[in-house]
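Trainee: Okay, here's the structure, questions in a sec.
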4 protein chains.
Amino acid sequence: MLESLRAEVLEANLELVRRGLVIYTFGNASGVSREHALAVIKPSGVPYDRMTPADMVITDLDGRVVDGHLKPSTDVATHVALYKAFPSIGGVVHSHSRHATAWAQARRPIPCLGTTHADYFRGPVPVTRAMSSQEIEAAYEANTGEVIARHFAGGDPTEVPAVLVAGHGPFCWGPTAAEAAHNAVILEYVAEMAYYSVTLAEGAEELHPAHLDKHFLRKHGVSAYYGQK
Amino acid sequence: MLESLRAEVLEANLELVRRGLVIYTFGNASGVSREHALAVIKPSGVPYDRMTPADMVITDLDGRVVDGHLKPSTDVATHVALYKAFPSIGGVVHSHSRHATAWAQARRPIPCLGTTHADYFRGPVPVTRAMSSQEIEAAYEANTGEVIARHFAGGDPTEVPAVLVAGHGPFCWGPTAAEAAHNAVILEYVAEMAYYSVTLAEGAEELHPAHLDKHFLRKHGVSAYYGQK
Amino acid sequence: MLESLRAEVLEANLELVRRGLVIYTFGNASGVSREHALAVIKPSGVPYDRMTPADMVITDLDGRVVDGHLKPSTDVATHVALYKAFPSIGGVVHSHSRHATAWAQARRPIPCLGTTHADYFRGPVPVTRAMSSQEIEAAYEANTGEVIARHFAGGDPTEVPAVLVAGHGPFCWGPTAAEAAHNAVILEYVAEMAYYSVTLAEGAEELHPAHLDKHFLRKHGVSAYYGQK
Amino acid sequence: MLESLRAEVLEANLELVRRGLVIYTFGNASGVSREHALAVIKPSGVPYDRMTPADMVITDLDGRVVDGHLKPSTDVATHVALYKAFPSIGGVVHSHSRHATAWAQARRPIPCLGTTHADYFRGPVPVTRAMSSQEIEAAYEANTGEVIARHFAGGDPTEVPAVLVAGHGPFCWGPTAAEAAHNAVILEYVAEMAYYSVTLAEGAEELHPAHLDKHFLRKHGVSAYYGQK
């Protein structure tokens with residue numbers, strides 16, 4: 001069932017390991033089949049070096065297991081909440097990557113200070129509001145997704161495909177699991193450089209909107225001219 | 001004698017090397033057999049790449065060598081003091097890992113700023129009081145254990161399985177040597193992110209107690225639902 | 001066509017990968033044949049691990065493709081602008097290396113704080129002025145080159161073979177593509193140490209001009225005595 | 001001539017590469033034969049991966065080449081000045097390792113904030129005074145050695161086997177080239193942790209003298225009890 005999506009989701013998870021975003025059993029990547037209304041996600045707490053495509057877990061968009069011999073990531077309810085809230089996305093990644101998590105812990109949005117950021121995120125990477133005790137105590141993971149979804153309500157989640165959950169860490173998305181993982185790696189890179197930048201010059205000037213748009217639109221949308229297409 | 005514990009203790013020591021927590025002959029991991037009232041610990045000053053299970057040293061819980069052809073870690077007296085003070089633990093690890101040691105040197109407890117921390121440590125990682133000249137001059141290593149033990153007196157050392165010895169570095173523990181090493185790796189990860197967080201936002205808000213408990217209890221105790229059990 | 005220059009340019013690009021200056025398809029290195037008035041540059045958006053010398057793109061000094069089956073780097077117009085403005089250079093490298101980019105984002109020149117810097121750059125590494133909306137909206141990449149060229153107008157670009165484009169990142173150059181890549185690696189190293197230095201001691205003293213000249217001239221010019229020549 | 005010392009000096013140089021203290025042709029390690037009054041040092045500007053023991057250069061204690069087919073490190077005059085000033089040492093290492101150099105550039109001594117430092121250096125690692133234009137313009141490298149030697153005049157250079165040359169970087173020494181390299185690696189480790197410590201807590205308390213002595217003397221001198229001797 002969903003053979004190629006299982007393989008792609010495994011590969012997205014392994015990309016997080018290779019790029020140093022996760023250690024031990026940290027992190028989780030998933031992909032969605034819109035056609036089947038099913039998500040494929042990493043199992044909970046299984047070491048990466050033993051994981052096979054067959055270990056990926058298939059759930060419906062309410063997070064109920066449909067196929068698989070293992071329990072899904074504890075964060076599955078957040079993933080499916082995002083798939084329901086953002087119909088245009090195909091993959092979700094959550095990590096506790098060092099610098100992005102530090103901004104989430106500092107509860108500061110990552111300002112767009114340069115073109116590296118603008119190439120991927122059309123504006124600051126936001127921080128969610130803190131979750132209430134009630135939201136934490138019951139249906140915590142689903143509520144995490146809700147808080148993210150409400151933050152982007154009315155906006156286009158593909159323009160800034162990442163968010164920092166306050167006191168927690170980043171969630172990223174993209175058209176596929178692979179692209180969500182790619183965005184997670186870039187977010188960590190951008191978060192690291194922004195850290196150096198603001199500790200060098202607190203209140204560093206944000207990139208001019210014309211500059212931001214130029215770089216974002218070199219890579220995205222109908223006028224993109226980066227790459228070989 | 002204690003074949004499998006020797007192997008496990010060696011492996012815990014090697015995990016510290018693989019994860020970048022120790023260089024040269026830094027650091028030491030041990031395990032205890034409660035049944036035999038014996039500890040197994042790394043030898044002092046021996047390079048990691050030549051170490052075999054047979055090089056591990058067996059001591060009684062007063063730190064006296066019972067078996068082994070090498071001298072035990074100079075910190076053995078701290079390890080056995082912790083085994084005596086904390087009957088529920090099975091492994092102890094000491095390292096001078098970079099960021100955890102920096103917090104110990106800055107004499108600041110590591111605040112619980114996010115869920116990565118809360119997954120492992122149910123509250124701030126404390127710093128011991130400074131040791132007196134008397135405590136340093138005689139029975140220094142045993143007194144280091146004493147100062148740690150007194151810090152946790154009356155509390156449950158398994159809720160926060162780590163401490164920073166002021167001006168020195170971290171000691172961690174766990175149900176086994178492997179889990180103590182795992183906690184030492186996580187502590188370094190958490191210490192690094194907390195460093196970035198407080199230099200980004202001095203006085204960053206600590207995680208809400210409900211959020212802290214939610215994450216700690218997802219992984220520990222009777223209601224844990226992380227992983228495959 | 002230009003076989004050996006293609007190979008050298010590929011190698012310069014790969015050096016950026018090996019030294020950790022670029023990830024994914026970030027960065028670009030080029031070389032110029034003054035004899036043929038042609039530049040050789042990396043293709044746009046192609047993964048480094050599949051790149052061969054035949055994938056390098058040959059353009060004229062206005063950036064028009066003369067030979068190659070792929071589109072050149074989107075930054076080609078910046079490269080050729082530098083080749084036209086600086087007749088003595090043979091190679092150009094652009095990266096978003098972490099610390100150099102952070103200084104560009106902080107819009108601070110990198111002060112010459114030590115002899116490591118002075119060995120390669122005879123003075124601070126400057127930051128360009130911000131580009132205007134007009135310069136960004138049309139002929140952006142060519143204008144980036146223009147802004148750099150104007151910054152060095154009347155000076156000798158070989159004395160400080162690097163610049164930080166404000167809100168963007170570093171461009172470096174040298175007599176060859178290999179030396180431009182070498183300078184990019186050193187710039188990142190120097191930018192990292194300067195970051196630590198100014199966060200340790202804001203307003204740290206710049207190196208005395210006699211000390212700066214001594215080190216620069218140990219390695220450059222007619223009185224150089226470093227190395228085996 | 002001096003076969004085994006050549007091999008040991010090469011090995012000390014390679015240790016700097018393996019531990020990340022040097023890139024390209026940075027850094028230099030040497031050893032001395034007191035019996036022959038000869039020093040063995042790395043050649044200038046030769047890539048590490050091609051270096052063989054036969055490439056090491058033998059000089060007298062005035063830095064004049066006695067044997068070898070290559071030019072010695074440009075810093076040879078500093079090395080021999082230290083061998084003459086400190087009769088008890090057998091090896092010298094110079095690097096531009098990142099954090100130690102940052103302290104040298106910030107012109108701040110590295111305070112002894114913890115036991116990792118105290119295990120190797122019995123007090124702060126000092127910074128030399130700035131060199132005068134005269135000292136820089138003629139016999140620069142010999143004068144660098146002079147400035148270091150004068151700093152330690154009347155003291156015991158083996159108690160703190162390292163110094164930061166202001167605006168330059170660290171020089172370390174030891175009984176052998178291998179031990180000098182070991183000290184250089186530890187210095188970088190200690191410098192990194194001290195950087196984090198003082199940026200976490202400016203004015204962090206220095207280690208109590210009793211604690212400092214305890215750790216230094218666990219590893220050095222007649223009462224040492226670390227290791228297997």
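Residues are referred to by chain and number: the chain letter is A, B, ... according to the order shown in the structure tokens, the number counts from 1 in that chain, and ligands are numbered separately from 1 in the order shown.
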DSSP on the backbone, then: every residue of stretch 9-177 of chain B marked alpha helix (DSSP H), written as a PyMOL selection string.

Mentor: chain B and resi 9-18+76-85+98-106+115-118+133-137+140-152+177

Trainee: Convert the current residue selection to file output with N, CA and C atoms, as a compact mmCIF listing (two decimals), in the first residue's frame.

Mentor:
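In the end it all went to again.txt:
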# COMPACT_ATOMS: atom_id res chain seq x y z
N VAL B 9 29.19 -1.26 30.04
CA VAL B 9 29.87 -0.05 30.51
C VAL B 9 30.86 0.44 29.46
N LEU B 10 31.58 -0.46 28.84
CA LEU B 10 32.48 -0.05 27.75
C LEU B 10 31.68 0.67 26.67
N GLU B 11 30.57 0.05 26.28
CA GLU B 11 29.73 0.62 25.23
C GLU B 11 29.23 2.02 25.61
N ALA B 12 28.86 2.22 26.85
CA ALA B 12 28.39 3.54 27.30
C ALA B 12 29.52 4.57 27.20
N ASN B 13 30.73 4.13 27.56
CA ASN B 13 31.88 5.03 27.41
C ASN B 13 32.12 5.39 25.95
N LEU B 14 32.01 4.39 25.08
CA LEU B 14 32.26 4.65 23.65
C LEU B 14 31.18 5.55 23.05
N GLU B 15 29.96 5.46 23.57
CA GLU B 15 28.89 6.34 23.09
C GLU B 15 29.27 7.81 23.33
N LEU B 16 29.93 8.08 24.45
CA LEU B 16 30.36 9.46 24.74
C LEU B 16 31.35 9.96 23.69
N VAL B 17 32.22 9.06 23.24
CA VAL B 17 33.20 9.42 22.20
C VAL B 17 32.48 9.68 20.88
N ARG B 18 31.63 8.72 20.48
CA ARG B 18 30.92 8.84 19.20
C ARG B 18 30.08 10.10 19.11
N VAL B 76 36.03 7.52 40.53
CA VAL B 76 35.25 6.38 41.00
C VAL B 76 34.52 6.67 42.31
N ALA B 77 35.15 7.42 43.19
CA ALA B 77 34.51 7.69 44.48
C ALA B 77 33.24 8.52 44.33
N THR B 78 33.19 9.36 43.30
CA THR B 78 31.94 10.11 43.04
C THR B 78 30.86 9.15 42.57
N HIS B 79 31.24 8.25 41.66
CA HIS B 79 30.26 7.29 41.13
C HIS B 79 29.65 6.45 42.25
N VAL B 80 30.49 5.87 43.08
CA VAL B 80 29.93 4.99 44.12
C VAL B 80 29.13 5.76 45.16
N ALA B 81 29.54 7.01 45.42
CA ALA B 81 28.73 7.83 46.34
C ALA B 81 27.32 8.00 45.78
N LEU B 82 27.22 8.17 44.44
CA LEU B 82 25.89 8.32 43.84
C LEU B 82 25.12 7.02 43.88
N TYR B 83 25.81 5.89 43.68
CA TYR B 83 25.09 4.61 43.77
C TYR B 83 24.53 4.38 45.18
N LYS B 84 25.31 4.81 46.18
CA LYS B 84 24.80 4.63 47.54
C LYS B 84 23.66 5.60 47.86
N ALA B 85 23.78 6.82 47.37
CA ALA B 85 22.76 7.82 47.70
C ALA B 85 21.46 7.62 46.92
N ARG B 98 30.94 20.21 26.13
CA ARG B 98 31.19 21.64 25.99
C ARG B 98 30.13 22.56 26.60
N HIS B 99 28.89 22.40 26.19
CA HIS B 99 27.89 23.39 26.63
C HIS B 99 27.42 23.13 28.05
N ALA B 100 27.28 21.87 28.42
CA ALA B 100 26.86 21.58 29.79
C ALA B 100 27.93 22.09 30.76
N THR B 101 29.19 21.90 30.41
CA THR B 101 30.28 22.39 31.26
C THR B 101 30.28 23.92 31.33
N ALA B 102 29.95 24.56 30.21
CA ALA B 102 29.90 26.03 30.22
C ALA B 102 28.87 26.54 31.22
N TRP B 103 27.70 25.89 31.27
CA TRP B 103 26.69 26.28 32.27
C TRP B 103 27.23 26.04 33.68
N ALA B 104 27.94 24.92 33.87
CA ALA B 104 28.53 24.63 35.20
C ALA B 104 29.56 25.70 35.56
N GLN B 105 30.32 26.13 34.55
CA GLN B 105 31.33 27.17 34.80
C GLN B 105 30.68 28.53 35.04
N ALA B 106 29.60 28.79 34.35
CA ALA B 106 28.87 30.05 34.57
C ALA B 106 28.05 29.99 35.86
N THR B 115 10.41 21.85 25.12
CA THR B 115 9.94 20.47 25.26
C THR B 115 11.07 19.45 25.10
N THR B 116 12.16 19.81 24.41
CA THR B 116 13.29 18.88 24.30
C THR B 116 13.83 18.58 25.69
N HIS B 117 13.99 19.64 26.47
CA HIS B 117 14.43 19.54 27.86
C HIS B 117 13.39 18.75 28.68
N ALA B 118 12.13 19.11 28.52
CA ALA B 118 11.05 18.51 29.31
C ALA B 118 10.87 17.03 29.02
N SER B 133 37.15 24.49 50.65
CA SER B 133 38.55 24.07 50.54
C SER B 133 38.75 22.73 51.23
N GLN B 134 38.11 22.57 52.39
CA GLN B 134 38.22 21.31 53.13
C GLN B 134 37.70 20.13 52.33
N GLU B 135 36.55 20.32 51.72
CA GLU B 135 35.96 19.24 50.91
C GLU B 135 36.84 18.91 49.71
N ILE B 136 37.59 19.91 49.24
CA ILE B 136 38.44 19.70 48.07
C ILE B 136 39.74 19.01 48.47
N GLU B 137 40.27 19.42 49.60
CA GLU B 137 41.61 18.96 49.94
C GLU B 137 41.68 17.48 50.34
N TYR B 140 38.31 14.38 47.96
CA TYR B 140 37.68 15.29 47.01
C TYR B 140 36.58 14.61 46.18
N GLU B 141 36.91 13.47 45.60
CA GLU B 141 35.95 12.82 44.70
C GLU B 141 34.73 12.30 45.46
N ALA B 142 34.96 11.76 46.64
CA ALA B 142 33.83 11.30 47.45
C ALA B 142 32.97 12.50 47.85
N ASN B 143 33.62 13.60 48.20
CA ASN B 143 32.86 14.79 48.59
C ASN B 143 32.07 15.37 47.43
N THR B 144 32.60 15.24 46.22
CA THR B 144 31.83 15.69 45.06
C THR B 144 30.51 14.92 45.00
N GLY B 145 30.58 13.63 45.23
CA GLY B 145 29.36 12.82 45.26
C GLY B 145 28.43 13.23 46.40
N GLU B 146 29.03 13.52 47.55
CA GLU B 146 28.25 13.96 48.72
C GLU B 146 27.48 15.25 48.44
N VAL B 147 28.17 16.20 47.81
CA VAL B 147 27.54 17.50 47.53
C VAL B 147 26.36 17.31 46.56
N ILE B 148 26.55 16.41 45.60
CA ILE B 148 25.44 16.12 44.68
C ILE B 148 24.29 15.46 45.43
N ALA B 149 24.64 14.45 46.20
CA ALA B 149 23.60 13.70 46.91
C ALA B 149 22.79 14.61 47.82
N ARG B 150 23.50 15.48 48.54
CA ARG B 150 22.78 16.38 49.45
C ARG B 150 21.86 17.33 48.67
N HIS B 151 22.28 17.70 47.47
CA HIS B 151 21.43 18.58 46.68
C HIS B 151 20.07 17.94 46.37
N PHE B 152 20.09 16.63 46.16
CA PHE B 152 18.86 15.94 45.78
C PHE B 152 18.14 15.34 46.99
N ALA B 177 23.79 1.98 32.55
CA ALA B 177 24.90 2.79 32.03
C ALA B 177 24.53 3.38 30.68

Trainee: So that I can check the secondary structure, give me every residue of stretch 88-198 of chain C assigned strand (DSSP E) by backbone DSSP, as a PyMOL selection string.

Mentor: chain C and resi 91-94+162-165+169-174

Trainee: So how many Å separate atom CA of D:Pro161 and atom CA of D:Ala194, to one decimal?

Mentor: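 So the two atoms, atom CA of D:Pro161 and atom CA of D:Ala194, lie 17.3 Å apart.
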
Trainee: Skip D:Ala166 itself and residues of its chain fewer than 6 positions away, then list as a PDB file with C-alpha atoms, in the first residue's frame all residues within 6 Å of it, counting only C-alpha atoms.

Mentor:
ATOM      1  CA  ALA D 104      43.983  36.482  21.448  1.00  0.00           C
ATOM      2  CA  ARG D 107      43.143  40.531  23.927  1.00  0.00           C
ATOM      3  CA  VAL D 127      47.903  37.411  26.560  1.00  0.00           C
ATOM      4  CA  THR D 128      51.209  39.028  25.643  1.00  0.00           C
ATOM      5  CA  ALA D 130      51.096  44.173  21.841  1.00  0.00           C
TER       6      ALA D 130
END

Trainee: Excluding same-chain residues fewer than 2 positions from D:Ile186, what lies within 10 Å of it counting only C-alpha atoms, as a count of residues only?

Mentor: 17

Trainee: What residues in chain C lie within 6 Å of chain D, counting only C-alpha atoms, written as a ChimeraX atom specification?

Mentor: /C:113-115,193,196-197,201,204,210,227

Trainee: Quick one: residues within 7 Å of A:Val125, only C-alpha atoms, excluding same-chain residues fewer than 6 positions away - as a list in words?

Mentor: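 The contact residues come out as Pro109, Ile110, Pro111, Val160, Ala162 and Val163 of chain A.
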
Trainee: Could those selected residues go to a file with N, CA, C and O atoms, as a PDB file, in the first residue's frame?

Mentor:
ATOM      1  N   PRO A 109      10.248  35.427  16.541  1.00  0.00           N
ATOM      2  CA  PRO A 109      10.194  35.050  15.127  1.00  0.00           C
ATOM      3  C   PRO A 109      11.573  35.251  14.508  1.00  0.00           C
ATOM      4  O   PRO A 109      12.352  36.102  14.955  1.00  0.00           O
ATOM      5  N   ILE A 110      11.892  34.461  13.494  1.00  0.00           N
ATOM      6  CA  ILE A 110      13.180  34.645  12.811  1.00  0.00           C
ATOM      7  C   ILE A 110      12.990  35.717  11.750  1.00  0.00           C
ATOM      8  O   ILE A 110      12.257  35.515  10.773  1.00  0.00           O
ATOM      9  N   PRO A 111      13.627  36.877  11.942  1.00  0.00           N
ATOM     10  CA  PRO A 111      13.448  37.963  10.972  1.00  0.00           C
ATOM     11  C   PRO A 111      14.111  37.596   9.648  1.00  0.00           C
ATOM     12  O   PRO A 111      15.077  36.826   9.627  1.00  0.00           O
ATOM     13  N   VAL A 160       5.404  30.984   3.410  1.00  0.00           N
ATOM     14  CA  VAL A 160       6.340  30.783   4.532  1.00  0.00           C
ATOM     15  C   VAL A 160       6.083  29.370   5.041  1.00  0.00           C
ATOM     16  O   VAL A 160       5.262  29.164   5.928  1.00  0.00           O
ATOM     17  N   ALA A 162       6.990  27.250   7.147  1.00  0.00           N
ATOM     18  CA  ALA A 162       7.593  26.863   8.429  1.00  0.00           C
ATOM     19  C   ALA A 162       7.010  27.715   9.529  1.00  0.00           C
ATOM     20  O   ALA A 162       6.590  28.857   9.289  1.00  0.00           O
ATOM     21  N   VAL A 163       7.031  27.159  10.729  1.00  0.00           N
ATOM     22  CA  VAL A 163       6.563  27.884  11.902  1.00  0.00           C
ATOM     23  C   VAL A 163       7.350  27.387  13.098  1.00  0.00           C
ATOM     24  O   VAL A 163       7.846  26.253  13.092  1.00  0.00           O
TER      25      VAL A 163
END

Trainee: I need the residue nearest D:Leu187 from this list: D:Pro209, D:Gly68, D:Pro170, D:Gly20. Use only C-alpha atoms for the distance.

Mentor: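 Residue with the minimum atom-to-atom distance to D:Leu187: D:Pro170.
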
Trainee: Which distance in Å separates atom CA of B:Thr59 and atom CA of B:Ser95, to one decimal?

Mentor: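 Those two atoms sit 20.2 Å apart.
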